[in-house]
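Student: Below is the file target-v4.cif, with mmCIF, C-alpha atoms.
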data_upload
loop_
_atom_site.label_atom_id
_atom_site.label_comp_id
_atom_site.auth_asym_id
_atom_site.auth_seq_id
_atom_site.Cartn_x
_atom_site.Cartn_y
_atom_site.Cartn_z
CA MET U 714 46.62 -177.65 -58.17
CA HIS U 715 49.22 -176.19 -60.51
CA SER U 716 48.08 -178.28 -63.50
CA LEU U 717 44.45 -177.37 -62.80
CA GLY U 718 45.27 -173.62 -62.98
CA VAL U 719 47.03 -174.03 -66.31
CA ASP U 720 44.05 -175.94 -67.71
CA ASP U 721 41.73 -173.25 -66.53
CA ARG U 722 43.74 -170.46 -68.19
CA ALA U 723 44.05 -172.45 -71.40
CA ARG U 724 40.29 -173.04 -71.48
CA ARG U 725 39.66 -169.34 -70.93
CA ARG U 726 42.04 -168.44 -73.77
CA GLU U 727 40.15 -170.76 -76.07
CA ILE U 728 36.78 -169.14 -75.49
CA PRO U 729 35.44 -168.60 -79.02
CA PRO U 730 34.22 -165.15 -80.05
CA PRO U 731 30.53 -164.59 -79.28
CA GLY U 732 27.89 -165.52 -81.83
CA LEU U 733 26.38 -163.03 -84.25
CA TRP U 734 23.39 -162.25 -82.04
CA ARG U 735 25.55 -161.51 -79.03
CA ARG U 736 27.90 -159.40 -81.10
CA ALA U 737 24.98 -157.33 -82.38
CA ARG U 738 23.91 -156.78 -78.79
CA ARG U 739 27.46 -155.81 -77.86
CA VAL U 740 27.68 -153.32 -80.75
CA ILE U 741 24.40 -151.69 -79.73
CA LEU U 742 25.47 -151.52 -76.11
CA ILE U 743 28.84 -149.94 -76.94
CA ALA U 744 27.20 -147.50 -79.40
CA ALA U 745 24.67 -146.48 -76.75
CA PHE U 746 27.48 -146.00 -74.23
CA ILE U 747 29.48 -143.83 -76.65
CA CYS U 748 26.34 -141.76 -77.31
CA LEU U 749 25.70 -141.32 -73.60
CA VAL U 750 29.13 -139.85 -72.79
CA PRO U 751 28.51 -136.37 -74.31
CA VAL U 752 24.89 -136.61 -73.16
CA ALA U 753 26.05 -137.11 -69.57
CA VAL U 754 28.55 -134.24 -69.82
CA SER U 755 25.90 -131.83 -71.10
CA TRP U 756 23.24 -133.02 -68.62
CA VAL U 757 25.55 -132.75 -65.61
CA HIS U 758 26.61 -129.27 -66.78
CA THR U 759 22.93 -128.25 -66.88
CA LEU U 760 22.17 -129.69 -63.46
CA ARG U 761 25.15 -127.94 -61.90
CA ARG U 762 23.87 -124.52 -62.94
CA PRO U 763 21.90 -122.53 -60.35
CA ARG U 764 18.23 -123.55 -60.56
CA ASN U 765 15.09 -123.58 -58.48
CA VAL U 766 13.42 -126.62 -60.02
CA SER U 767 13.84 -130.30 -59.22
CA TRP U 768 16.39 -132.36 -61.15
CA SER U 769 13.58 -134.21 -62.95
CA ILE U 770 12.05 -130.99 -64.30
CA ALA U 771 15.53 -129.72 -65.17
CA THR U 772 16.14 -132.98 -67.06
CA VAL U 773 12.93 -132.62 -69.07
CA GLU U 774 13.82 -129.02 -69.85
CA TRP U 775 17.33 -130.09 -70.85
CA ALA U 776 15.86 -132.66 -73.26
CA ARG U 777 13.48 -130.05 -74.72
CA ALA U 778 16.31 -127.59 -75.21
CA HIS U 779 18.45 -130.24 -76.93
CA GLY U 780 16.17 -131.17 -79.79
CA ALA U 781 13.78 -133.56 -78.03
CA ASN U 782 10.85 -131.16 -77.66
CA PRO U 783 8.55 -133.07 -80.08
CA LEU U 784 9.37 -136.36 -78.34
CA VAL U 785 8.79 -134.95 -74.86
CA SER U 786 5.51 -133.37 -75.98
CA GLN U 787 4.38 -136.69 -77.43
CA VAL U 788 5.13 -138.49 -74.18
CA GLU U 789 3.26 -135.76 -72.30
CA ASN U 790 0.30 -136.20 -74.65
CA TRP U 791 0.15 -139.91 -73.86
CA TYR U 792 0.47 -139.24 -70.14
CA TYR U 793 -2.28 -136.63 -70.08
CA GLU U 794 -4.56 -138.74 -72.29
CA LEU U 795 -4.22 -141.61 -69.82
CA ASN U 796 -4.93 -139.26 -66.91
CA ALA U 797 -7.76 -137.27 -68.50
CA PRO U 798 -10.33 -136.02 -65.99
CA SER U 799 -13.86 -137.40 -66.10
CA LYS U 800 -16.87 -135.18 -66.71
CA GLY U 801 -19.37 -134.28 -64.01
CA GLY U 802 -18.68 -135.07 -60.39
CA PRO U 803 -20.24 -133.74 -57.19
CA PRO U 804 -21.01 -130.02 -57.31
CA LEU U 805 -18.68 -127.62 -55.54
CA LYS U 806 -20.07 -125.85 -52.48
CA SER U 807 -17.60 -122.99 -52.35
CA LEU U 808 -14.77 -121.35 -54.21
CA PRO U 809 -11.29 -120.65 -52.87
CA GLN U 810 -10.90 -117.23 -51.32
CA VAL U 811 -8.85 -115.01 -53.60
CA GLY U 812 -7.75 -111.47 -53.01
CA VAL U 813 -8.75 -109.35 -50.06
CA THR U 814 -12.38 -108.94 -49.03
CA THR U 815 -12.88 -105.31 -48.12
CA ALA U 816 -15.88 -103.70 -46.52
CA SER U 817 -14.87 -100.22 -47.67
CA ALA U 818 -17.44 -97.87 -49.12
CA GLN U 819 -17.65 -97.36 -52.86
CA PRO U 820 -15.42 -94.55 -54.10
CA ARG U 821 -17.12 -91.16 -54.54
CA VAL U 822 -15.44 -90.43 -57.84
CA HIS U 823 -16.15 -92.85 -60.65
CA ILE U 824 -13.33 -95.29 -61.13
CA TYR U 825 -13.62 -97.97 -63.75
CA ARG U 826 -13.81 -101.52 -62.52
CA PRO U 827 -14.41 -104.50 -64.79
CA PRO U 828 -17.91 -105.93 -64.59
CA ARG U 829 -18.47 -109.09 -62.59
CA VAL U 830 -17.71 -112.18 -64.66
CA LYS U 831 -21.06 -113.77 -65.42
CA PRO U 832 -21.05 -117.29 -63.98
CA LEU U 833 -21.37 -120.14 -66.46
CA ILE U 834 -23.00 -122.56 -64.05
CA HIS U 835 -26.22 -121.87 -62.20
CA PRO U 836 -26.87 -121.42 -59.40
CA ALA U 837 -23.70 -119.40 -58.96
CA LEU U 838 -21.55 -120.02 -55.91
CA PRO U 839 -21.08 -117.21 -53.38
CA GLY U 840 -18.54 -114.73 -54.75
CA GLU U 841 -18.28 -116.44 -58.13
CA GLY U 842 -16.98 -113.97 -60.70
CA VAL U 843 -16.81 -111.13 -58.15
CA TRP U 844 -13.60 -109.10 -58.30
CA HIS U 845 -11.57 -108.59 -55.14
CA PRO U 846 -8.48 -106.40 -54.71
CA ALA U 847 -5.29 -108.42 -54.64
CA SER U 848 -3.72 -106.14 -52.07
CA ALA U 849 -4.88 -105.19 -48.59
CA VAL U 850 -3.62 -101.63 -49.15
CA ALA U 851 -4.92 -101.16 -52.67
CA GLY U 852 -6.65 -97.84 -52.05
CA ARG U 853 -9.70 -96.70 -53.98
CA ARG U 854 -8.34 -97.86 -57.30
CA PRO U 855 -6.86 -101.34 -56.84
CA PRO U 856 -4.14 -102.03 -59.42
CA VAL U 857 -4.93 -105.75 -59.51
CA LEU U 858 -8.27 -107.47 -59.02
CA LEU U 859 -8.78 -111.20 -58.67
CA THR U 860 -11.70 -113.55 -59.12
CA THR U 861 -12.53 -117.20 -59.65
CA PHE U 862 -15.33 -118.96 -61.46
CA ARG U 863 -16.19 -122.43 -62.68
CA SER U 864 -14.93 -122.54 -66.22
CA ASP U 865 -16.82 -125.37 -67.89
CA PRO U 866 -20.39 -126.65 -67.29
CA GLU U 867 -19.33 -130.16 -68.32
CA TYR U 868 -16.61 -130.14 -65.69
CA PRO U 869 -18.20 -128.32 -62.74
CA GLN U 870 -15.24 -129.14 -60.50
CA PHE U 871 -12.78 -126.98 -62.44
CA ILE U 872 -12.10 -123.48 -61.20
CA ALA U 873 -10.40 -120.79 -63.24
CA GLY U 874 -8.46 -118.02 -61.56
CA VAL U 875 -8.48 -114.64 -63.28
CA ALA U 876 -6.59 -111.44 -62.55
CA TRP U 877 -7.42 -108.03 -63.98
CA ILE U 878 -4.50 -105.60 -64.14
CA ASP U 879 -5.25 -101.89 -64.35
CA SER U 880 -2.85 -100.64 -67.03
CA GLY U 881 -3.36 -97.05 -65.90
CA ARG U 882 -2.10 -97.83 -62.41
CA THR U 883 0.57 -100.37 -63.18
CA HIS U 884 3.76 -100.81 -65.11
CA LEU U 885 4.70 -104.18 -66.61
CA ASP U 886 8.30 -105.39 -66.59
CA TYR U 887 9.74 -108.33 -68.49
CA VAL U 888 12.25 -110.10 -66.24
CA PRO U 889 14.71 -112.60 -67.80
CA GLY U 890 15.20 -115.83 -65.85
CA LEU U 891 18.37 -117.76 -65.05
CA ALA U 892 18.10 -119.88 -68.20
CA GLU U 893 15.52 -118.13 -70.33
CA PRO U 894 16.02 -116.39 -72.70
CA PRO U 895 19.21 -118.37 -73.33
CA GLU U 896 21.24 -115.79 -75.26
CA LEU U 897 21.46 -112.74 -73.05
CA GLU U 898 24.59 -110.90 -71.96
CA SER U 899 23.18 -108.89 -69.07
CA ARG U 900 20.68 -111.16 -67.38
CA GLY U 901 19.76 -109.27 -64.20
CA PRO U 902 18.71 -110.85 -60.91
CA ALA U 903 16.10 -113.29 -62.39
CA GLU U 904 13.82 -112.37 -59.47
CA VAL U 905 11.84 -109.33 -58.37
CA PRO U 906 14.69 -106.92 -57.56
CA PRO U 907 14.73 -106.14 -53.81
CA ALA U 908 14.89 -102.40 -54.58
CA LYS U 909 11.56 -102.60 -56.44
CA ARG U 910 9.68 -104.85 -54.05
CA ASP U 911 7.93 -102.00 -52.29
CA ARG U 912 5.94 -101.44 -55.51
CA ILE U 913 5.39 -105.01 -56.65
CA ALA U 914 1.72 -105.92 -57.10
CA ALA U 915 1.91 -109.24 -58.94
CA THR U 916 4.12 -111.57 -60.94
CA PHE U 917 3.22 -114.15 -63.54
CA ASN U 918 4.79 -116.73 -65.85
CA GLY U 919 6.31 -115.53 -69.09
CA GLY U 920 5.40 -118.02 -71.81
CA PHE U 921 7.16 -120.80 -73.67
CA PRO U 922 10.97 -120.86 -73.84
CA LEU U 923 12.33 -119.59 -77.15
CA GLU U 924 13.64 -123.07 -77.96
CA THR U 925 10.11 -124.48 -78.01
CA SER U 926 8.00 -121.47 -79.02
CA ASN U 927 9.75 -120.92 -82.36
CA ALA U 928 8.77 -117.31 -81.85
CA GLY U 929 10.48 -114.01 -81.36
CA LEU U 930 11.63 -111.84 -78.49
CA VAL U 931 12.71 -108.23 -78.36
CA TYR U 932 14.16 -107.01 -75.08
CA ARG U 933 15.46 -103.50 -74.43
CA GLY U 934 15.31 -102.85 -78.15
CA GLU U 935 17.53 -105.83 -78.97
CA VAL U 936 16.19 -108.71 -81.06
CA LEU U 937 17.04 -111.87 -79.08
CA ALA U 938 15.01 -114.08 -81.43
CA PRO U 939 13.59 -112.98 -84.80
CA MET U 940 9.95 -111.91 -84.65
CA VAL U 941 7.47 -114.06 -86.58
CA ASN U 942 4.52 -112.56 -88.42
CA GLY U 943 1.08 -113.74 -87.30
CA ILE U 944 2.27 -114.87 -83.86
CA ALA U 945 0.52 -113.33 -80.85
CA THR U 946 2.79 -110.73 -79.27
CA LEU U 947 2.75 -108.95 -75.93
CA VAL U 948 4.36 -105.58 -76.53
CA GLU U 949 5.31 -102.80 -74.18
CA TYR U 950 6.14 -99.40 -75.61
CA ARG U 951 8.15 -96.60 -74.07
CA GLY U 952 5.78 -94.75 -71.79
CA GLY U 953 4.39 -98.01 -70.44
CA ARG U 954 1.54 -98.77 -72.85
CA VAL U 955 1.06 -102.49 -73.37
CA ASP U 956 -0.76 -104.32 -76.13
CA ILE U 957 -1.38 -107.84 -77.39
CA ARG U 958 -1.54 -108.22 -81.15
CA PRO U 959 -0.51 -110.59 -83.90
CA TRP U 960 2.89 -109.39 -85.15
CA GLU U 961 2.76 -107.86 -88.62
CA ASN U 962 6.00 -105.90 -88.90
CA GLY U 963 8.37 -108.64 -89.99
CA GLU U 964 11.91 -107.73 -89.00
CA ASN U 965 11.12 -104.04 -88.52
CA ILE U 966 11.28 -103.25 -84.84
CA ASN U 967 9.65 -100.03 -83.71
CA PRO U 968 12.31 -98.14 -81.69
CA ASN U 969 9.64 -97.35 -79.09
CA ILE U 970 9.30 -101.01 -78.15
CA VAL U 971 10.72 -101.86 -74.73
CA PHE U 972 9.96 -105.56 -75.04
CA ALA U 973 7.94 -107.77 -77.34
CA LYS U 974 7.39 -111.39 -76.43
CA GLN U 975 5.70 -113.81 -78.80
CA ASN U 976 3.93 -117.05 -77.96
CA LEU U 977 1.94 -119.17 -80.42
CA PRO U 978 -0.90 -117.88 -82.62
CA PRO U 979 -3.48 -115.59 -80.97
CA ILE U 980 -6.26 -117.41 -79.13
CA ILE U 981 -8.63 -114.42 -79.21
CA GLU U 982 -8.62 -111.79 -81.93
CA GLU U 983 -10.92 -108.76 -81.92
CA GLY U 984 -13.24 -110.39 -79.41
CA LYS U 985 -13.55 -113.69 -81.28
CA LEU U 986 -11.98 -117.03 -80.55
CA ASN U 987 -9.37 -118.14 -83.05
CA PRO U 988 -11.39 -120.53 -85.30
CA ASN U 989 -8.43 -122.90 -85.40
CA LEU U 990 -8.02 -123.53 -81.70
CA SER U 991 -8.01 -127.26 -82.27
CA ASP U 992 -4.63 -128.67 -83.15
CA GLY U 993 -2.73 -127.73 -86.28
CA PRO U 994 0.89 -127.31 -87.36
CA GLU U 995 0.85 -123.60 -86.48
CA TRP U 996 0.81 -124.48 -82.76
CA GLY U 997 4.19 -126.19 -83.05
CA ALA U 998 5.46 -129.13 -81.03
CA THR U 999 3.49 -128.60 -77.87
CA VAL U 1000 1.01 -130.66 -75.90
CA ASN U 1001 -2.09 -131.24 -78.03
CA ASN U 1002 -4.46 -128.27 -77.76
CA ALA U 1003 -7.37 -130.53 -76.81
CA ILE U 1004 -5.50 -132.10 -73.88
CA ARG U 1005 -6.72 -130.95 -70.48
CA VAL U 1006 -3.78 -129.67 -68.50
CA TRP U 1007 -2.75 -126.60 -66.48
CA ARG U 1008 -2.83 -123.71 -68.91
CA SER U 1009 -2.39 -119.98 -68.59
CA GLY U 1010 -3.06 -117.07 -70.89
CA LEU U 1011 -2.94 -113.31 -71.06
CA GLY U 1012 -5.52 -111.07 -72.69
CA ILE U 1013 -6.26 -107.41 -73.04
CA ASP U 1014 -9.67 -105.81 -72.59
CA LYS U 1015 -11.11 -103.09 -74.80
CA ARG U 1016 -9.76 -100.43 -72.42
CA GLY U 1017 -6.19 -101.74 -72.65
CA ASN U 1018 -6.10 -103.48 -69.26
CA LEU U 1019 -4.44 -106.88 -68.99
CA ILE U 1020 -6.32 -110.02 -67.98
CA TYR U 1021 -4.45 -113.09 -66.83
CA ALA U 1022 -6.17 -116.47 -66.50
CA ALA U 1023 -4.98 -119.88 -65.35
CA ALA U 1024 -6.64 -123.14 -64.44
CA ASN U 1025 -6.01 -126.83 -64.32
CA TYR U 1026 -7.63 -129.21 -66.84
CA GLN U 1027 -8.00 -126.64 -69.61
CA THR U 1028 -7.88 -127.10 -73.34
CA VAL U 1029 -6.69 -124.14 -75.40
CA GLU U 1030 -10.31 -123.49 -76.34
CA SER U 1031 -11.62 -123.57 -72.78
CA LEU U 1032 -8.80 -121.24 -71.69
CA ALA U 1033 -9.68 -118.84 -74.49
CA LYS U 1034 -13.32 -118.93 -73.39
CA VAL U 1035 -12.30 -118.11 -69.80
CA LEU U 1036 -10.35 -115.07 -71.01
CA GLN U 1037 -13.17 -114.02 -73.34
CA ARG U 1038 -15.71 -114.29 -70.52
CA ALA U 1039 -13.49 -112.16 -68.32
CA GLY U 1040 -13.49 -109.43 -70.97
CA ALA U 1041 -10.43 -110.09 -73.13
CA VAL U 1042 -10.71 -108.96 -76.74
CA ARG U 1043 -7.26 -110.18 -77.76
CA ALA U 1044 -5.26 -112.88 -76.02
CA LEU U 1045 -2.37 -115.27 -76.22
CA GLU U 1046 -1.59 -118.51 -74.47
CA LEU U 1047 1.26 -118.45 -71.97
CA ASP U 1048 2.85 -121.44 -70.24
CA ILE U 1049 1.19 -124.79 -69.73
CA ASN U 1050 1.82 -127.59 -67.19
CA GLU U 1051 1.76 -127.20 -63.42
CA ASP U 1052 5.51 -126.62 -63.26
CA TRP U 1053 5.36 -123.33 -65.13
CA THR U 1054 1.96 -121.79 -64.41
CA SER U 1055 2.17 -119.14 -61.69
CA PHE U 1056 0.34 -115.96 -60.83
CA ILE U 1057 1.35 -114.47 -57.51
CA SER U 1058 -0.06 -111.33 -55.95
CA TYR U 1059 1.43 -109.57 -52.93
CA ARG U 1060 -1.02 -108.45 -50.29
CA ARG U 1061 1.35 -106.07 -48.51
CA PRO U 1062 4.09 -103.73 -49.77
CA GLY U 1063 7.58 -105.13 -49.83
CA ALA U 1064 6.38 -108.34 -51.54
CA LYS U 1065 4.91 -109.44 -48.21
CA GLU U 1066 2.14 -112.03 -47.94
CA PRO U 1067 2.55 -113.48 -51.43
CA SER U 1068 -0.44 -115.46 -52.58
CA ASN U 1069 -0.97 -117.81 -55.52
CA LEU U 1070 -4.00 -117.01 -57.66
CA LEU U 1071 -5.30 -120.54 -57.09
CA PRO U 1072 -4.42 -122.58 -54.01
CA GLU U 1073 -3.65 -125.69 -56.07
CA MET U 1074 -0.97 -123.92 -58.10
CA PHE U 1075 2.07 -126.16 -57.82
CA ARG U 1076 4.93 -123.68 -57.55
CA PRO U 1077 5.43 -121.86 -54.23
CA ASN U 1078 4.15 -118.31 -53.84
CA THR U 1079 7.76 -117.17 -53.25
CA ARG U 1080 8.73 -118.34 -56.74
CA TYR U 1081 9.76 -114.97 -58.13
CA LEU U 1082 11.30 -113.72 -54.90
CA GLU U 1083 14.28 -115.92 -55.61
CA PRO U 1084 16.10 -116.45 -58.92
CA ASP U 1085 13.90 -118.44 -61.28
CA GLU U 1086 14.79 -120.55 -64.31
CA ARG U 1087 12.26 -118.95 -66.59
CA ASP U 1088 11.51 -115.39 -67.64
CA PHE U 1089 8.44 -113.78 -66.10
CA PHE U 1090 6.44 -110.58 -65.91
CA ALA U 1091 6.35 -108.28 -62.90
CA VAL U 1092 3.50 -105.84 -62.32
CA TYR U 1093 4.54 -102.74 -60.41
CA VAL U 1094 2.25 -100.06 -59.02
CA LYS U 1095 2.95 -96.70 -60.64
CA GLY U 1096 4.11 -94.10 -58.14
CA GLY U 1097 3.64 -96.30 -55.08
CA ARG U 1098 0.48 -97.76 -53.60
CA MET T 238 44.96 -167.55 -85.22
CA THR T 239 44.10 -168.56 -81.67
CA PRO T 240 40.49 -168.27 -80.48
CA GLY T 241 41.61 -165.58 -78.03
CA ALA T 242 43.11 -163.47 -80.84
CA ARG T 243 39.97 -163.98 -82.88
CA ALA T 244 37.85 -162.77 -79.95
CA ARG T 245 40.01 -159.64 -79.51
CA ARG T 246 39.80 -158.87 -83.21
CA ALA T 247 36.00 -159.29 -83.08
CA LEU T 248 35.84 -156.90 -80.13
CA LEU T 249 37.91 -154.30 -82.01
CA ILE T 250 35.63 -154.56 -85.05
CA ASP T 251 32.56 -154.25 -82.83
CA VAL T 252 33.92 -151.12 -81.15
CA ILE T 253 34.65 -149.53 -84.54
CA VAL T 254 31.15 -150.39 -85.81
CA ALA T 255 29.63 -149.03 -82.58
CA ALA T 256 31.60 -145.78 -82.93
CA LEU T 257 30.35 -145.42 -86.52
CA ILE T 258 26.76 -146.00 -85.39
CA ALA T 259 27.21 -143.40 -82.63
CA ALA T 260 28.65 -140.91 -85.14
CA LEU T 261 25.67 -141.52 -87.44
CA ALA T 262 23.27 -141.03 -84.52
CA PHE T 263 24.87 -137.68 -83.63
CA SER T 264 24.80 -136.46 -87.21
CA PHE T 265 21.15 -137.38 -87.82
CA ALA T 266 19.60 -136.57 -84.43
CA ALA T 267 18.15 -133.09 -83.83
CA GLY T 268 20.19 -132.80 -80.63
CA LEU T 269 21.65 -134.53 -77.61
CA GLY T 270 18.15 -134.81 -76.11
CA VAL T 271 17.05 -137.06 -78.98
CA VAL T 272 20.22 -139.14 -78.69
CA ALA T 273 19.61 -139.55 -74.95
CA PHE T 274 15.94 -140.40 -75.54
CA PHE T 275 16.90 -143.49 -77.55
CA ALA T 276 20.38 -144.36 -76.24
CA LEU T 277 19.53 -144.44 -72.54
CA PRO T 278 16.71 -147.02 -72.77
CA LEU T 279 18.79 -149.11 -75.20
CA PHE T 280 21.75 -149.05 -72.85
CA LEU T 281 19.67 -149.92 -69.79
CA ILE T 282 17.80 -152.71 -71.59
CA GLY T 283 21.10 -154.11 -72.89
CA LEU T 284 22.65 -154.07 -69.41
CA LEU T 285 19.54 -155.65 -67.87
CA TRP T 286 19.59 -158.33 -70.57
CA ILE T 287 23.19 -159.25 -69.79
CA VAL T 288 22.55 -159.31 -66.03
CA VAL T 289 19.48 -161.55 -66.46
CA GLU T 290 21.38 -163.85 -68.86
CA ARG T 291 24.25 -164.23 -66.40
CA LEU T 292 21.83 -164.95 -63.54
CA VAL T 293 20.02 -167.60 -65.59
CA LEU T 294 23.33 -169.24 -66.56
CA ARG T 295 24.47 -169.28 -62.94
CA LEU T 296 21.18 -170.82 -61.81
CA ARG T 297 21.41 -173.50 -64.51
CA ARG T 298 24.97 -174.37 -63.48
CA ARG T 299 23.92 -174.70 -59.85
CA ARG T 300 21.03 -177.00 -60.74
CA ARG T 301 23.26 -179.23 -62.89
CA PRO T 302 24.12 -182.33 -60.86
CA ALA T 303 27.74 -182.61 -59.71
CA GLY T 304 30.09 -185.06 -61.57
#
Please lay out the structure from this file as structure tokens.
Tutor:
Amino acid sequence: MHSLGVDDRARRREIPPPGLWRRARRVILIAAFICLVPVAVSWVHTLRRPRNVSWSIATVEWARAHGANPLVSQVENWYYELNAPSKGGPPLKSLPQVGVTTASAQPRVHIYRPPRVKPLIHPALPGEGVWHPASAVAGRRPPVLLTTFRSDPEYPQFIAGVAWIDSGRTHLDYVPGLAEPPELESRGPAEVPPAKRDRIAATFNGGFPLETSNAGLVYRGEVLAPMVNGIATLVEYRGGRVDIRPWENGENINPNIVFAKQNLPPIIEEGKLNPNLSDGPEWGATVNNAIRVWRSGLGIDKRGNLIYAAANYQTVESLAKVLQRAGAVRALELDINEDWTSFISYRRPGAKEPSNLLPEMFRPNTRYLEPDERDFFAVYVKGGR
Amino acid sequence: MTPGARARRALLIDVIVAALIAALAFSFAAGLGVVAFFALPLFLIGLLWIVVERLVLRLRRRRRPAG
């Protein structure tokens, strides 16, 4: 037994070094391991932060924020190309119920309401393009109206959800999220503040993160990311007036600006679709514009009221057409993908009975009633309901 | 030099080369996300390769007739 053990040890000692091929594999494996140590530290640090998204979404966002945005977008492109919807399909028989159906009489004094959105597909479905108040206690002049319509004759299964926000009756707030914008000293609650919930009418997603938008952000007069000329910008001025315009002021920030958030080139300018809605370098490293995916956008009508639109299976062009059809004369694209597209209205004061604009929206209707990763916009009713 | 010493020296050289490759990867990549995008699949494939190789070797040894 003893002599056998000695032989064994001697044999083991005489094992020759591995061949060249195996050494190359070993080098690659060790190099990959060394690379993964700081990766793991950073990733675990990100996952340990407070968040309200799954670890897989947080991982994708971590990769995007750490230089891999073009790679992630390319993988998304391949995924969505493989899962592209087919044209046609059986016709829909009804649309999802949005907003509150009221049987109240028309107001005696004239109050502006946007015209019904003309349906694209005939015959129209019951209620298609008809505006309904988002709140059950909206009064004679509802601050937010909602509607749905089929957005593309070639894809009659797709439904777009649209919200019209009366700028005269509402005030828009930009709310920073837990992680977005990244550089912010005083972040706030990252949710609809409980003290303001009695006046909340709606909330919606805030656009690409700064890391991926390559665009600017001004918040409370402070430049958090330099503004970029030509990029579509949602601006709120002191006094509450909002506008959507391509930025033209370079680094000069009007002191009356409360916030200015940029996101990609404009998709509608002066009533016309951007002629370059198909892909180009100006759209940055995002999912290809022609890929059909959840998309959202924000426009402004000729009276200065905001129009939000979102739908699944939209290209940038089809989204722009939805906003144009709903009355937008200028518009920008907001977030894409089901994880980030949210429009929530609150049927009762106190943020009670929250309701997603479209039932198939992925995120829960309580999304902004708890701290959220991303920045968002909150629509408050001026002076109570 | 014994074969064992030669193997240890080879391992040391391999670790130094791997560290240099990792340093190059960090300096050229746009961020940790890019490093992870390539390093993680490489690492997993490498590990899987070794596991499969060991399994195949073990199976071959078992099939070899005794004596």
Student: Any chance you could resolve the PyMOL selection byres ((chain T and resi 270) around 7) against this file and give the residues as a PyMOL selection string?
Tutor: (chain U and resi 776-777+779-781) or (chain T and resi 268-269+271-274)
Student: Mind pulling up the distance from atom CA of Leu1011 of chain U to atom CA of Gln975 of chain U?
Tutor: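 Spanning atom CA of Gln975 of chain U to atom CA of Leu1011 of chain U is a straight-line distance of 11.6 Å.
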Student: How far is it from atom CA of Pro783 of chain U to atom CA of Gly283 of chain T, in Å with one decimal?
Tutor: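 The value is 25.5 Å.
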Student: Quick one: residues within 7 Å of Asn976 of chain U, all atoms listed in the file counted, chain neighbours fewer than 6 positions away excluded, as a PyMOL selection string?
Tutor: chain U and resi 920-921+926+928+944-946+1045-1047
Student: Would you kindly identify which residues have an atom no farther than 6 Å from (-8.9, -107.7, -70.5), using only C-alpha atoms and the file's own coordinates, and write them out as a count of residues only?
Tutor: 8
Student: Would you write out, as JSON, numbers by chain, every residue that the PyMOL selection byres ((chain U and resi 950-964) around 9) captures in this file?
Tutor: {"U": [880, 881, 883, 884, 885, 939, 940, 941, 942, 943, 944, 945, 946, 947, 948, 949, 965, 966, 967, 968, 969, 970, 971, 972, 973, 975, 978, 979, 982, 1011, 1012, 1013, 1017, 1018, 1019, 1043, 1044, 1045]}
Student: Just the selected residues (C-alpha atoms), exported as a JSON list (two decimals), keeping the file's coordinate frame, please.
Tutor:
[["chain", "number", "residue", "atom", "x", "y", "z"],
["U", 880, "SER", "CA", -2.85, -100.64, -67.03],
["U", 881, "GLY", "CA", -3.36, -97.05, -65.90],
["U", 883, "THR", "CA", 0.57, -100.37, -63.18],
["U", 884, "HIS", "CA", 3.76, -100.81, -65.11],
["U", 885, "LEU", "CA", 4.70, -104.18, -66.61],
["U", 939, "PRO", "CA", 13.59, -112.98, -84.80],
["U", 940, "MET", "CA", 9.95, -111.91, -84.65],
["U", 941, "VAL", "CA", 7.47, -114.06, -86.58],
["U", 942, "ASN", "CA", 4.52, -112.56, -88.42],
["U", 943, "GLY", "CA", 1.08, -113.74, -87.30],
["U", 944, "ILE", "CA", 2.27, -114.87, -83.86],
["U", 945, "ALA", "CA", 0.52, -113.33, -80.85],
["U", 946, "THR", "CA", 2.79, -110.73, -79.27],
["U", 947, "LEU", "CA", 2.75, -108.95, -75.93],
["U", 948, "VAL", "CA", 4.36, -105.58, -76.53],
["U", 949, "GLU", "CA", 5.31, -102.80, -74.18],
["U", 965, "ASN", "CA", 11.12, -104.04, -88.52],
["U", 966, "ILE", "CA", 11.28, -103.25, -84.84],
["U", 967, "ASN", "CA", 9.65, -100.03, -83.71],
["U", 968, "PRO", "CA", 12.31, -98.14, -81.69],
["U", 969, "ASN", "CA", 9.64, -97.35, -79.09],
["U", 970, "ILE", "CA", 9.30, -101.01, -78.15],
["U", 971, "VAL", "CA", 10.72, -101.86, -74.73],
["U", 972, "PHE", "CA", 9.96, -105.56, -75.04],
["U", 973, "ALA", "CA", 7.94, -107.77, -77.34],
["U", 975, "GLN", "CA", 5.70, -113.81, -78.80],
["U", 978, "PRO", "CA", -0.90, -117.88, -82.62],
["U", 979, "PRO", "CA", -3.48, -115.59, -80.97],
["U", 982, "GLU", "CA", -8.62, -111.79, -81.93],
["U", 1011, "LEU", "CA", -2.94, -113.31, -71.06],
["U", 1012, "GLY", "CA", -5.52, -111.07, -72.69],
["U", 1013, "ILE", "CA", -6.26, -107.41, -73.04],
["U", 1017, "GLY", "CA", -6.19, -101.74, -72.65],
["U", 1018, "ASN", "CA", -6.10, -103.48, -69.26],
["U", 1019, "LEU", "CA", -4.44, -106.88, -68.99],
["U", 1043, "ARG", "CA", -7.26, -110.18, -77.76],
["U", 1044, "ALA", "CA", -5.26, -112.88, -76.02],
["U", 1045, "LEU", "CA", -2.37, -115.27, -76.22]]
Student: Quick check on the file I pasted: which residues fall under the PyMOL selection byres ((chain U and resi 901) around 12)? Write them as a list in words.
Tutor: Tyr887, Val888, Pro889, Gly890, Leu891, Ala892, Glu893, Pro894, Leu897, Glu898, Ser899, Arg900, Pro902, Ala903, Glu904, Val905, Pro906, Pro907, Pro1084, Asp1085 and Asp1088 of chain U
